[in-house]
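Shown next: entry.cif, given as mmCIF, C-alpha atoms.
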```cif
data_upload
loop_
_atom_site.label_atom_id
_atom_site.label_comp_id
_atom_site.auth_asym_id
_atom_site.auth_seq_id
_atom_site.Cartn_x
_atom_site.Cartn_y
_atom_site.Cartn_z
CA MET E 1 73.04 -53.87 247.16
CA GLU E 2 72.10 -57.54 246.90
CA ARG E 3 73.74 -59.30 243.99
CA VAL E 4 70.81 -61.64 243.54
CA GLN E 5 67.24 -62.00 244.77
CA VAL E 6 66.30 -65.45 246.03
CA GLU E 7 62.84 -66.82 246.65
CA GLU E 8 61.79 -70.35 247.56
CA LYS E 9 58.48 -71.33 245.97
CA GLY E 10 57.90 -74.78 247.42
CA HIS E 11 60.28 -77.13 245.63
CA ILE E 12 61.44 -74.40 243.23
CA LEU E 13 64.28 -72.02 244.05
CA VAL E 14 63.98 -68.85 242.01
CA VAL E 15 67.18 -66.82 241.70
CA ASP E 16 66.89 -63.46 240.00
CA ILE E 17 70.17 -62.10 238.64
CA SER E 18 69.39 -58.56 237.62
CA GLN E 19 72.88 -57.50 236.63
CA GLU E 20 75.47 -58.16 233.97
CA MET E 21 76.92 -61.66 234.05
CA THR E 22 80.58 -61.05 233.32
CA MET E 23 84.01 -62.11 234.52
CA GLU E 24 84.06 -59.47 237.23
CA VAL E 25 80.92 -60.75 238.99
CA VAL E 26 81.01 -64.49 238.33
CA ASP E 27 83.30 -65.34 241.26
CA ASP E 28 80.91 -63.61 243.67
CA LEU E 29 77.94 -65.39 242.12
CA LYS E 30 79.70 -68.73 242.60
CA LYS E 31 79.99 -68.00 246.33
CA ASP E 32 76.29 -67.13 246.54
CA PHE E 33 75.32 -70.35 244.82
CA GLU E 34 77.40 -72.52 247.16
CA ASP E 35 74.89 -71.53 249.83
CA PHE E 36 71.91 -72.11 247.54
CA PHE E 37 73.03 -75.65 246.70
CA SER E 38 73.01 -76.56 250.38
CA ARG E 39 69.22 -76.10 250.40
CA SER E 40 66.72 -78.83 249.54
CA TRP E 41 64.98 -77.52 246.41
CA GLN E 42 64.32 -79.72 243.38
CA VAL E 43 64.19 -77.13 240.61
CA LEU E 44 66.48 -74.15 240.12
CA ALA E 45 64.85 -71.41 238.06
CA LEU E 46 67.43 -68.83 237.06
CA ASP E 47 65.63 -65.58 236.27
CA LEU E 48 67.66 -63.85 233.57
CA SER E 49 65.06 -61.29 232.51
CA GLY E 50 67.20 -58.46 233.91
CA VAL E 51 70.53 -59.59 232.49
CA CYS E 52 71.44 -57.15 229.73
CA PHE E 53 74.92 -58.50 229.03
CA MET E 54 76.66 -61.84 229.37
CA ASP E 55 80.21 -62.74 228.35
CA SER E 56 81.93 -66.13 228.08
CA ALA E 57 82.50 -66.18 231.86
CA GLY E 58 78.75 -65.76 232.35
CA ILE E 59 78.08 -68.51 229.81
CA GLY E 60 80.49 -70.74 231.70
CA PHE E 61 78.73 -69.99 234.96
CA VAL E 62 75.29 -70.92 233.60
CA THR E 63 76.78 -74.09 232.08
CA ALA E 64 78.33 -74.97 235.45
CA LEU E 65 74.97 -74.54 237.20
CA ASN E 66 73.35 -76.83 234.66
CA ASN E 67 76.13 -79.41 235.08
CA ARG E 68 75.84 -79.38 238.85
CA CYS E 69 72.07 -79.76 238.81
CA LEU E 70 72.43 -82.72 236.45
CA GLN E 71 75.02 -84.33 238.73
CA GLU E 72 72.78 -83.87 241.77
CA GLY E 73 69.61 -85.09 240.08
CA ARG E 74 67.96 -81.67 240.20
CA THR E 75 66.35 -79.67 237.43
CA PHE E 76 67.84 -76.48 236.03
CA CYS E 77 65.95 -74.03 233.87
CA LEU E 78 66.08 -70.45 232.69
CA LEU E 79 63.22 -68.12 233.54
CA ASN E 80 62.35 -65.46 230.99
CA PRO E 81 65.87 -64.84 229.63
CA SER E 82 66.45 -61.44 228.05
CA GLU E 83 66.98 -61.03 224.31
CA GLN E 84 70.67 -60.39 224.93
CA VAL E 85 71.06 -63.63 226.87
CA ILE E 86 69.25 -65.61 224.19
CA LYS E 87 71.41 -64.08 221.46
CA THR E 88 74.63 -64.86 223.36
CA LEU E 89 73.66 -68.45 224.14
CA LYS E 90 72.63 -69.02 220.52
CA LEU E 91 75.97 -67.62 219.39
CA VAL E 92 77.81 -70.46 221.15
CA ASN E 93 75.23 -73.12 220.23
CA LEU E 94 74.10 -73.56 223.83
CA TRP E 95 70.56 -72.25 223.62
CA ASP E 96 69.13 -75.71 222.95
CA LEU E 97 70.96 -77.13 225.97
CA PHE E 98 68.82 -75.23 228.43
CA GLN E 99 65.14 -75.43 229.27
CA ALA E 100 63.81 -71.89 229.07
CA HIS E 101 60.37 -70.83 230.28
CA GLN E 102 58.40 -67.63 230.26
CA SER E 103 56.77 -67.91 233.68
CA LEU E 104 57.06 -69.55 237.07
CA TYR E 105 53.59 -71.00 236.52
CA GLU E 106 54.86 -72.83 233.45
CA ILE E 107 57.83 -74.20 235.41
CA SER E 108 55.69 -75.41 238.32
CA ARG E 109 53.31 -77.10 235.88
CA LEU E 110 56.11 -78.85 233.98
CA TYR E 111 58.11 -79.86 237.04
CA PRO E 112 55.65 -80.71 239.84
CA ALA E 113 56.96 -81.52 243.31
CA GLU E 114 58.07 -85.15 243.69
CA MET T 1 88.26 -42.18 209.22
CA LEU T 2 87.95 -41.50 212.90
CA GLN T 3 90.33 -43.18 215.32
CA LEU T 4 90.19 -43.64 219.06
CA ILE T 5 93.30 -44.88 220.88
CA LEU T 6 93.00 -45.85 224.50
CA ASN T 7 95.95 -46.87 226.69
CA ASP T 8 95.25 -48.19 230.14
CA THR T 9 96.23 -50.73 232.75
CA VAL T 10 94.04 -53.78 232.66
CA THR T 11 93.11 -56.02 235.59
CA PRO T 12 90.22 -58.47 235.92
CA CYS T 13 88.26 -55.83 237.86
CA ARG T 14 89.09 -52.99 235.50
CA ALA T 15 88.51 -54.77 232.18
CA ARG T 16 84.79 -54.09 232.05
CA MET T 17 85.27 -50.41 232.87
CA ILE T 18 87.64 -50.05 229.91
CA VAL T 19 85.05 -51.68 227.65
CA ARG T 20 82.36 -49.31 228.88
CA ALA T 21 84.55 -46.30 228.01
CA VAL T 22 85.03 -47.49 224.43
CA LYS T 23 81.38 -48.48 224.14
CA SER T 24 80.31 -45.04 225.26
CA PHE T 25 82.35 -43.48 222.45
CA LEU T 26 81.10 -45.90 219.81
CA ASP T 27 77.49 -45.45 220.88
CA THR T 28 77.45 -42.12 219.06
CA PHE T 29 77.96 -43.82 215.74
CA VAL T 30 76.31 -47.24 215.49
CA THR T 31 73.01 -48.85 216.42
CA SER T 32 72.55 -51.03 219.48
CA GLU T 33 72.79 -54.25 217.48
CA VAL T 34 76.29 -53.45 216.23
CA LEU T 35 77.27 -51.99 219.57
CA PHE T 36 76.29 -55.23 221.31
CA ASP T 37 78.56 -57.32 219.07
CA ILE T 38 81.53 -55.01 219.47
CA GLU T 39 81.00 -54.79 223.23
CA LEU T 40 81.07 -58.58 223.37
CA VAL T 41 84.32 -58.78 221.39
CA LEU T 42 85.95 -56.02 223.40
CA THR T 43 84.95 -57.68 226.67
CA GLU T 44 86.40 -61.01 225.60
CA SER T 45 89.60 -59.32 224.39
CA CYS T 46 90.10 -57.40 227.62
CA ASN T 47 89.28 -60.50 229.69
CA ASN T 48 91.89 -62.45 227.71
CA ALA T 49 94.50 -59.81 228.39
CA ALA T 50 93.67 -59.62 232.09
CA LEU T 51 93.35 -63.34 232.75
CA HIS T 52 95.60 -65.10 230.24
CA ALA T 53 98.24 -62.59 229.15
CA TYR T 54 98.79 -60.97 232.56
CA GLN T 55 97.33 -63.80 234.69
CA GLY T 56 95.38 -61.44 236.93
CA LEU T 57 98.20 -58.96 237.50
CA PRO T 58 98.00 -55.35 236.22
CA GLY T 59 99.34 -54.94 232.68
CA GLU T 60 99.37 -52.44 229.84
CA LEU T 61 96.59 -52.56 227.26
CA GLU T 62 96.11 -50.59 224.07
CA ILE T 63 92.83 -50.39 222.17
CA LYS T 64 92.55 -48.82 218.73
CA LEU T 65 89.14 -48.22 217.30
CA ASP T 66 88.86 -47.17 213.66
CA ILE T 67 85.53 -45.92 212.45
CA VAL T 68 85.07 -45.73 208.70
CA GLU T 69 81.61 -44.24 208.47
CA ASN T 70 79.08 -46.09 206.34
CA GLN T 71 81.55 -48.94 205.93
CA GLN T 72 83.08 -50.63 208.95
CA VAL T 73 84.46 -50.54 212.45
CA GLY T 74 88.02 -51.77 212.96
CA LEU T 75 89.34 -52.82 216.32
CA GLN T 76 92.82 -53.69 217.54
CA VAL T 77 93.56 -54.85 221.08
CA ARG T 78 97.20 -55.23 222.13
CA ASP T 79 98.80 -56.42 225.35
CA TRP T 80 102.40 -57.15 226.31
CA GLY T 81 101.74 -60.27 228.34
CA ARG T 82 102.26 -63.99 227.92
CA GLU T 83 101.76 -65.38 224.42
CA PHE T 84 98.20 -66.44 223.81
CA GLN T 85 97.40 -69.94 222.61
CA CYS T 86 94.23 -69.54 220.59
CA PRO T 87 91.63 -72.26 221.05
CA TRP T 88 89.99 -71.90 217.64
CA ASN T 89 87.15 -74.33 218.02
CA LEU T 90 84.05 -74.32 220.15
CA PRO T 91 84.59 -76.54 223.22
CA GLU T 92 82.37 -79.50 224.07
CA THR T 93 78.84 -78.61 225.16
CA PHE T 94 79.33 -79.16 228.88
CA GLU T 95 82.73 -77.41 229.08
CA GLU T 96 82.60 -74.38 231.37
CA SER T 97 85.24 -72.22 229.64
CA GLY T 98 87.03 -71.65 226.34
CA ARG T 99 84.35 -69.89 224.29
CA GLY T 100 85.85 -66.38 224.12
CA ILE T 101 87.75 -66.70 220.85
CA TYR T 102 84.85 -68.49 219.21
CA ILE T 103 82.55 -65.59 220.14
CA MET T 104 84.98 -63.06 218.67
CA ARG T 105 85.17 -64.98 215.40
CA GLN T 106 81.41 -65.38 215.19
CA VAL T 107 80.39 -61.75 215.58
CA MET T 108 83.13 -60.02 213.58
CA HIS T 109 83.74 -60.25 209.84
CA THR T 110 87.52 -60.60 210.16
CA PHE T 111 89.61 -61.87 213.05
CA ASP T 112 93.38 -62.10 213.31
CA TYR T 113 95.81 -62.88 216.09
CA THR T 114 99.55 -62.23 215.85
CA ARG T 115 102.47 -62.16 218.24
CA GLU T 116 104.47 -58.99 217.51
CA ASN T 117 107.55 -57.84 219.45
CA ASP T 118 106.50 -59.52 222.68
CA SER T 119 102.91 -58.35 222.35
CA ASN T 120 99.62 -60.10 221.58
CA VAL T 121 97.68 -58.32 218.86
CA PHE T 122 94.04 -59.11 218.16
CA THR T 123 92.67 -57.37 215.08
CA PHE T 124 89.03 -57.35 214.01
CA THR T 125 86.77 -55.65 211.55
CA LYS T 126 83.01 -55.50 211.44
CA LYS T 127 81.18 -54.36 208.34
CA VAL T 128 78.35 -52.06 209.27
CA GLU T 129 75.41 -51.67 206.92
CA PRO T 130 74.25 -48.15 206.02
CA GLU T 131 71.09 -48.49 208.13
CA GLN T 132 73.17 -49.49 211.16
CA TRP T 133 74.83 -46.09 211.41
CA LYS T 134 73.33 -43.35 213.52
CA GLU T 135 72.88 -39.97 211.97
CA CYS T 136 75.57 -37.70 213.41
CA LYS T 137 74.63 -34.08 213.14
#
```

structure tokens encoding of this file:
Amino acid sequence: MERVQVEEKGHILVVDISQEMTMEVVDDLKKDFEDFFSRSWQVLALDLSGVCFMDSAGIGFVTALNNRCLQEGRTFCLLNPSEQVIKTLKLVNLWDLFQAHQSLYEISRLYPAE
Amino acid sequence: MLQLILNDTVTPCRARMIVRAVKSFLDTFVTSEVLFDIELVLTESCNNAALHAYQGLPGELEIKLDIVENQQVGLQVRDWGREFQCPWNLPETFEESGRGIYIMRQVMHTFDYTRENDSNVFTFTKKVEPEQWKECK
């Protein structure tokens, strides 16, 4: 089974993680994303609508993605995060750090291709 | 009071499975909101044991779950690994690790860590409101 679903929508890379984001899967996700960062997208939209549980390792992973996008001059945003993800990110005061959007349309409108 | 005691060997790959076993038991008693918080705390505790106490190697873990119906859920997680240095505060915003203990303290009503006879003991309680208990018939 694929760990993640990836779709390139022009300058936006949409990565759908429909599984728990916990310590046991984060190392594998890091490997997947090494490949994704070699591509030439401008915006990374991390679809977290199917993530029903996230621990501190998952939080760290999302923070690392955000950090890397900032370093590389790319945009990072969350796409339709689940209630559980929102609750967990709020718990550690990180919710306001991320741009979260309800739809891909909204993302493409806010971050047009350069 | 109802008590569940679980003894197992924890590894980074096995930690989540142990949590699921305890969660499955607790699911009979409390609503999803309470279950979510306790699952989070249990996951962080087991991760700590696997990664910090035993540094990725297999090690013994004991979980005690005390259910006092219509009052609270008590939880004790013990390992016999390396002494844990608790980072009490929330790390800087862009830090990529170090939030586990903060999460535990945020979602539970009491939190305690002690080093007892070469073991790390994390003890928690969560008060559970009357409407957060499931009816057990």

**Message:** Residue by residue, what does the PyMOL selection byres ((chain T) within 8 of (chain E)) grab here? Present the result as an MDAnalysis selection string.
**Reply:** chainID T and resid 12:13 16 40 43:44 47 90 93:100 102:103 106

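Residues in contact range of His52 (chain T), defined as at most 10 Å between all atoms listed in the file, with sequence neighbours fewer than 5 positions away removed, read Cys46, Asn47, Leu57, Gly81, Arg82, Glu83, Phe84 and Gln85 of chain T.
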
**Prompt:** If we count all atoms listed in the file, what is near Tyr105 (chain E) at a cut-off of 12 Å, once residues fewer than 5 positions away on the same chain are taken out, given as an MDAnalysis selection string?
**Reply:** chainID E and resid 9 12 14 45 79:80 110:112

**Request:** Evaluate the PyMOL selection byres ((chain T and resi 22) around 12) on the structure here and hand back the selected residues as an MDAnalysis selection string.
**Result:** chainID T and resid 3:8 15:21 23:29 35 38:43 46 62:66 75 77

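The gap separating CA of Arg78 (chain T) from CA of Tyr54 (chain T) is 12.0 Å, in Å to one decimal.
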
**Message:** Set the distance at 10 Å and use only C-alpha atoms: which residues neighbour region 122-132 of chain T once local chain neighbours fewer than 5 positions away are removed? I'd like the list as a PyMOL selection string.
**Reply:** chain T and resi 29-35+37-38+41-42+45+63-79+104-105+107-115

Taking every listed atom of region 5-18 of chain E and adding 8 Å to each side, what centre and edge lengths in Å (one decimal) does the axis-aligned box have, as AutoDock Vina command-line options?
```
--center_x 64.0 --center_y -67.8 --center_z 242.6 --size_x 28.3 --size_y 34.6 --size_z 25.9
```

**Fill in**
Separating CA of Lys31 (chain E) from CA of Val4 (chain E), to the nearest tenth of an Å, is a gap of 11.5 Å

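The spacing separating CA of Gly10 (chain E) from CA of Arg74 (chain E) amounts to 14.2 Å.
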
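Taking only C-alpha atoms into account, those protein, DNA and RNA residues with any atom at most 10 Å away from (68.5, -61.5, 232.5) amount to Asp16, Ile17, Ser18, Gln19, Glu20, Met21, Leu46, Asp47, Leu48, Ser49, Gly50, Val51, Cys52, Phe53, Met54, Leu78, Leu79, Asn80, Pro81, Ser82, Glu83, Gln84, Val85 and Ile86 of chain E.
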
When you write chain E out from the block above, keep C-alpha atoms and present the result as a tab-separated table (two decimals), in the first residue's frame, please.
```
chain	number	residue	atom	x	y	z
E	1	MET	CA	0.00	0.00	0.00
E	2	GLU	CA	1.27	3.47	-0.85
E	3	ARG	CA	2.19	5.52	2.19
E	4	VAL	CA	1.21	8.76	0.51
E	5	GLN	CA	-0.61	9.91	-2.61
E	6	VAL	CA	1.19	12.56	-4.64
E	7	GLU	CA	-0.25	14.76	-7.35
E	8	GLU	CA	1.36	17.67	-9.18
E	9	LYS	CA	-1.13	20.42	-9.98
E	10	GLY	CA	1.01	22.85	-11.96
E	11	HIS	CA	3.26	24.62	-9.46
E	12	ILE	CA	1.53	22.95	-6.49
E	13	LEU	CA	2.58	19.56	-5.15
E	14	VAL	CA	-0.28	17.95	-3.26
E	15	VAL	CA	0.74	15.18	-0.86
E	16	ASP	CA	-2.07	13.27	0.79
E	17	ILE	CA	-1.07	11.46	3.99
E	18	SER	CA	-4.05	9.30	4.83
E	19	GLN	CA	-2.57	7.51	7.81
E	20	GLU	CA	-1.49	8.17	11.37
E	21	MET	CA	1.53	10.44	11.67
E	22	THR	CA	3.49	8.84	14.47
E	23	MET	CA	7.03	7.87	15.38
E	24	GLU	CA	6.75	4.53	13.61
E	25	VAL	CA	5.98	6.05	10.19
E	26	VAL	CA	7.84	9.36	10.26
E	27	ASP	CA	11.20	7.91	9.14
E	28	ASP	CA	9.56	6.40	6.05
E	29	LEU	CA	7.77	9.67	5.31
E	30	LYS	CA	11.10	11.52	5.49
E	31	LYS	CA	12.48	9.22	2.79
E	32	ASP	CA	9.45	9.85	0.57
E	33	PHE	CA	9.82	13.59	0.93
E	34	GLU	CA	13.52	13.56	-0.02
E	35	ASP	CA	12.31	12.59	-3.49
E	36	PHE	CA	9.54	15.19	-3.49
E	37	PHE	CA	11.95	18.01	-2.64
E	38	SER	CA	14.02	17.20	-5.72
E	39	ARG	CA	11.07	18.28	-7.89
E	40	SER	CA	10.45	21.85	-9.04
E	41	TRP	CA	7.14	22.78	-7.39
E	42	GLN	CA	6.62	26.12	-5.65
E	43	VAL	CA	3.90	25.24	-3.17
E	44	LEU	CA	3.66	22.12	-1.01
E	45	ALA	CA	0.09	21.39	0.05
E	46	LEU	CA	0.06	18.70	2.72
E	47	ASP	CA	-3.37	17.08	2.73
E	48	LEU	CA	-4.05	16.02	6.33
E	49	SER	CA	-7.78	15.39	6.00
E	50	GLY	CA	-7.24	11.65	6.52
E	51	VAL	CA	-4.84	11.88	9.46
E	52	CYS	CA	-6.73	10.71	12.53
E	53	PHE	CA	-3.79	10.76	14.95
E	54	MET	CA	-0.55	12.69	15.22
E	55	ASP	CA	2.06	12.48	18.00
E	56	SER	CA	5.05	14.70	18.76
E	57	ALA	CA	7.09	12.91	16.06
E	58	GLY	CA	4.40	13.82	13.53
E	59	ILE	CA	4.37	17.40	14.79
E	60	GLY	CA	8.14	17.49	14.38
E	61	PHE	CA	7.86	16.17	10.85
E	62	VAL	CA	5.36	18.84	9.79
E	63	THR	CA	7.53	21.50	11.44
E	64	ALA	CA	10.56	20.19	9.54
E	65	LEU	CA	8.68	20.40	6.23
E	66	ASN	CA	7.72	23.97	7.00
E	67	ASN	CA	11.32	24.83	7.93
E	68	ARG	CA	12.70	23.31	4.76
E	69	CYS	CA	10.21	25.11	2.53
E	70	LEU	CA	11.11	28.39	4.22
E	71	GLN	CA	14.83	27.73	3.69
E	72	GLU	CA	14.27	26.93	0.01
E	73	GLY	CA	11.98	29.88	-0.67
E	74	ARG	CA	8.94	27.67	-1.25
E	75	THR	CA	5.50	27.83	0.29
E	76	PHE	CA	4.18	25.24	2.73
E	77	CYS	CA	0.55	24.89	3.68
E	78	LEU	CA	-1.85	22.41	5.19
E	79	LEU	CA	-4.83	21.25	3.16
E	80	ASN	CA	-8.02	20.50	5.05
E	81	PRO	CA	-6.44	19.20	8.29
E	82	SER	CA	-8.60	16.87	10.36
E	83	GLU	CA	-10.04	17.92	13.71
E	84	GLN	CA	-7.51	15.70	15.47
E	85	VAL	CA	-4.60	17.37	13.70
E	86	ILE	CA	-5.92	20.84	14.50
E	87	LYS	CA	-6.40	19.91	18.16
E	88	THR	CA	-2.87	18.49	18.42
E	89	LEU	CA	-1.22	21.48	16.74
E	90	LYS	CA	-3.17	23.87	18.95
E	91	LEU	CA	-2.06	21.92	22.00
E	92	VAL	CA	1.58	22.78	21.28
E	93	ASN	CA	0.84	26.35	20.13
E	94	LEU	CA	1.81	25.62	16.54
E	95	TRP	CA	-1.52	26.00	14.82
E	96	ASP	CA	-0.90	29.67	14.03
E	97	LEU	CA	2.48	28.84	12.50
E	98	PHE	CA	0.95	27.07	9.54
E	99	GLN	CA	-1.20	28.30	6.69
E	100	ALA	CA	-4.21	26.01	6.55
E	101	HIS	CA	-6.74	25.96	3.72
E	102	GLN	CA	-9.93	24.11	3.02
E	103	SER	CA	-9.48	23.51	-0.70
E	104	LEU	CA	-6.91	23.31	-3.46
E	105	TYR	CA	-8.81	26.07	-5.26
E	106	GLU	CA	-8.19	28.38	-2.31
E	107	ILE	CA	-4.48	27.52	-2.33
E	108	SER	CA	-4.09	28.10	-6.07
E	109	ARG	CA	-5.88	31.44	-5.76
E	110	LEU	CA	-3.72	32.59	-2.83
E	111	TYR	CA	-0.43	31.34	-4.25
E	112	PRO	CA	-0.51	31.81	-8.04
E	113	ALA	CA	2.35	30.48	-10.16
E	114	GLU	CA	5.33	32.86	-10.31
```
